Amino acid sequence: MTEARPEAIDRIPSAPPLSAHRAHRGGTRYVLRRARRRVPAVLWIVGLVVVSLYAVYLLGANVFLRTGLLRKVLNASPDKLYVDYTSAWSPYPGRILARGFSLRFQDDNVQMLIELERASMSIGLFDLTKKTFKLERLEAEGTVFRIRHKLATSEGQEGRLEAYPPIPGFADPAVRPPPPESEIPEESYDLWTIDLDDVSASVREVWVMEYRYRGAGSLAGGMRLRPLRNLEVRPSVFLAHGGTLSLGARDLLAGSDAKLEARVDSFDVRIPKGAEVLRQVTARAEMNGRVLDLAPISQTYLRDMPLELAGGGGQLTIHARVDRGIVHPDTRLEWAAEGLRARWETKGVDLRTTMNFVGRVEPSGDADAGSPSLVAELRADEARLVKGETTLLSLADSKVTVATANDDLTAPFPLSSARLDVPRARASALGPLASTFLPPDVRVTRGSATLALRASYRDHAIDARGDVAMDDVAVAVGEVEVRTAAKAKVLATSRDVRTGIGFKGSLVTFDSTSFRVKESRAEGLTGEVELSECLVRTQGARRSVDTTIDAKVVPGDQVLRFGASLASLPKALGEAPAGPDARARVRLVASEEGVDVRILSARDGDLSARGRIRKTSGAAPRGALLFEVGALRAGVELSNGETTVRPFAPPDWLDRAR
């Protein structure tokens, strides 16, 4: 018999199976239903809008990037600003990931190219509406940066322009157009502004003007350029790791490890002229590398000059700091040059040397003495001046130091002091050396010489001494031939070289000397010539010499006969009783207008002479000489290219002849 169930129990719904219960609780509709109960409806709406907008942005932005619409917006004036890339996409608003990105820009002064193999950047989208291309938080790999400043003219700048970086799309050479009659007014200004901020990039090439770095490196910093208005370089750092520095395609420095920090304060590019722009620059540089060859310097900067440099390889170290155009006292440059050669192509002469170069900044040592000095010191352990296979001149342990009392890069660099020290130089073959530097009518046919030279210069004042010893020298000038062994002491002093240089006290002594003119000879002479007074005036373009010469020659009788023969004097004068020596004091005044020779006194035994000979430009010599032997007098007059001898001239004949 079936037991009756209570009615209340029948109204209780039966429970579903366990598997169905679990499926129901884990279903999407169930989850959404529970979420709607826990999250306010407003937030759900906002979330859906954000997701929808993001989806719309992803679709629209990447279509904008991939179809070239962005290029069309930016490249409205491709001759001014041109942007291109191989591929690009944006993961969220303002952020772009690109490959093969390039930016090309120019104004009337500069042209610039930036290439990035891969880049992640934020673009100021709203800035585009203001004609500003702004890149922020730029992270890039494989960067190429090229910039060149346009020159006013290409004439005389061919070497530099040849080394400038090529920028596809811009014409060569990089010469600026004629300046506009008036600048662009602000209301009409529509040039693109370039703003790069928070840049971090690995680089493979940096090419600024003619200077090119290739190799591993990194760059961090930023810049802002508003063409024809403002330029700012934010604090930036460039690191080079063992690359090569070149002038264009010509390698100059290898193995470069360098760190360059720089900042250029924002300034109006229309105001500073030339080097004045350095007033805005603060920089610090540390570099180590090896100089390969100085030939690129000749090919770039000395193309129109007869001087050609080559060789000079050696280690280079630079520690430099510039504060708003002022060189800091910590600055130092060291260069150990090897095999540096200089060549004058017209003469075919090479200077072969091993040198060390040091540059430094020295404090003035006196608070009232002005700016510290920039000092360059060049030391040559050995140097040879070579022509073909012949060594013309060899030097050892020589040193040159030059300095300028100016640490301001915006101002000229006048020479404030210099010092030259050549303890020994030898010319083993004077003939080839003389033929290189002397006029063709002066022929040195044999002989050798040694030289020691010390000279100092400071604030236009000089003090120098040179000692020369010549062995078995033969010199021919026209029909006159001189053979001698001589020593010379040359003294040069001046308080101001702009007005003149004095050679007082300079002395030449000679031994075993002979003179020959045609059939006239004088042999076995010894003596000395001293400049008791000598001033070379150098005022402006005018040059003049005023010197008094004291000469002594032994034996004097040969001098008498030789001089009488040359001047066609009476034979009796040449055979006058001679003393042990011949002495003379002569004043010589020479300028561009002519030469004036005054024989103040000349005596050899019983024979004495006085007189004056003048020669002006384009005219024959004229003047008069009076010779006396005891009571016998003879006058010699030069006029209109003819020589007239007056025997038995009266005592006052010389005064009347003048």
# chains A, B, ... in the order shown; residues from 1 in each chain; ligands from 1
>>> residues_around(residues="stretch 481-489 of chain A", least_positions_apart="2", cutoff="7 Å", atoms="only C-alpha atoms", output="mmCIF file with C-alpha atoms, in the first residue's frame")
data_model
loop_
_atom_site.group_PDB
_atom_site.id
_atom_site.type_symbol
_atom_site.label_atom_id
_atom_site.label_comp_id
_atom_site.auth_asym_id
_atom_site.auth_seq_id
_atom_site.Cartn_x
_atom_site.Cartn_y
_atom_site.Cartn_z
ATOM 1 C CA GLY A 466 121.276 82.222 -34.232
ATOM 2 C CA ASP A 467 124.750 80.696 -34.556
ATOM 3 C CA VAL A 468 125.826 79.424 -37.961
ATOM 4 C CA ALA A 469 129.038 77.686 -38.991
ATOM 5 C CA MET A 470 129.691 77.199 -42.746
ATOM 6 C CA ASP A 471 132.423 74.936 -44.082
ATOM 7 C CA ASP A 472 134.043 75.195 -47.537
ATOM 8 C CA VAL A 473 131.180 77.216 -49.021
ATOM 9 C CA ALA A 474 131.255 78.463 -52.615
ATOM 10 C CA VAL A 475 128.756 81.132 -53.697
ATOM 11 C CA ALA A 476 128.427 82.717 -57.122
ATOM 12 C CA VAL A 477 126.422 85.864 -57.835
ATOM 13 C CA GLU A 479 130.430 87.045 -62.245
ATOM 14 C CA LEU A 491 121.216 88.801 -32.815
ATOM 15 C CA SER A 506 125.479 90.601 -35.165
ATOM 16 C CA LEU A 507 128.868 89.375 -36.315
ATOM 17 C CA VAL A 508 130.328 87.362 -39.205
ATOM 18 C CA THR A 509 133.869 86.030 -39.092
ATOM 19 C CA PHE A 510 135.465 84.331 -42.074
ATOM 20 C CA ASP A 511 138.659 82.391 -42.748
ATOM 21 C CA SER A 512 140.401 81.062 -45.843
ATOM 22 C CA THR A 513 138.257 83.262 -48.041
ATOM 23 C CA SER A 514 138.805 84.039 -51.698
ATOM 24 C CA PHE A 515 137.066 86.416 -54.115
ATOM 25 C CA ARG A 516 137.174 86.108 -57.863
ATOM 26 C CA VAL A 517 135.748 88.305 -60.612
#
>>> atom_distance(atom1="atom CA of A:Thr153", atom2="atom CA of A:Val322")
29.5 Å
>>> atom_distance(atom1="atom CA of A:Lys259", atom2="atom CA of A:Ala285")
5.7 Å
>>> select_by_dssp(residues="stretch 105-135 of chain A", states="strand (DSSP E or B)", output="number ranges by chain")
A: 105-106, 110-123, 132-135
>>> select_by_dssp(residues="stretch 216-352 of chain A", states="alpha helix (DSSP H)", output="list in words")
Ala295, Pro296, Ile297, Ser298, Gln299, Thr300 and Tyr301 of chain A
>>> atom_distance(atom1="atom CA of A:Leu600", atom2="atom CA of A:Trp653")
15.9 Å
>>> residues_around(residues="A:Asn356", least_positions_apart="3", cutoff="7 Å", atoms="only C-alpha atoms", output="PyMOL selection string")
chain A and resi 335-337+378-380
>>> closest_residue(among="A:Ile462, A:Leu103, A:Leu253, A:Leu392", to="A:Gln315", atoms="only C-alpha atoms")
A:Leu253
>>> closest_residue(among="A:Ala174, A:Leu420, A:Ile297, A:Ala551", to="A:Arg148", atoms="only C-alpha atoms")
A:Ala174
>>> residues_around(residues="A:Gly635", least_positions_apart="2", cutoff="8 Å", atoms="only C-alpha atoms", output="PyMOL selection string")
chain A and resi 624-627+633+637+645-649+653-654
>>> residues_around(residues="A:Thr331", least_positions_apart="6", cutoff="9 Å", atoms="only C-alpha atoms", output="list in words")
Ile318, His319, Ala320, Arg321, Val322, Gly359, Arg360, Val361 and Leu374 of chain A
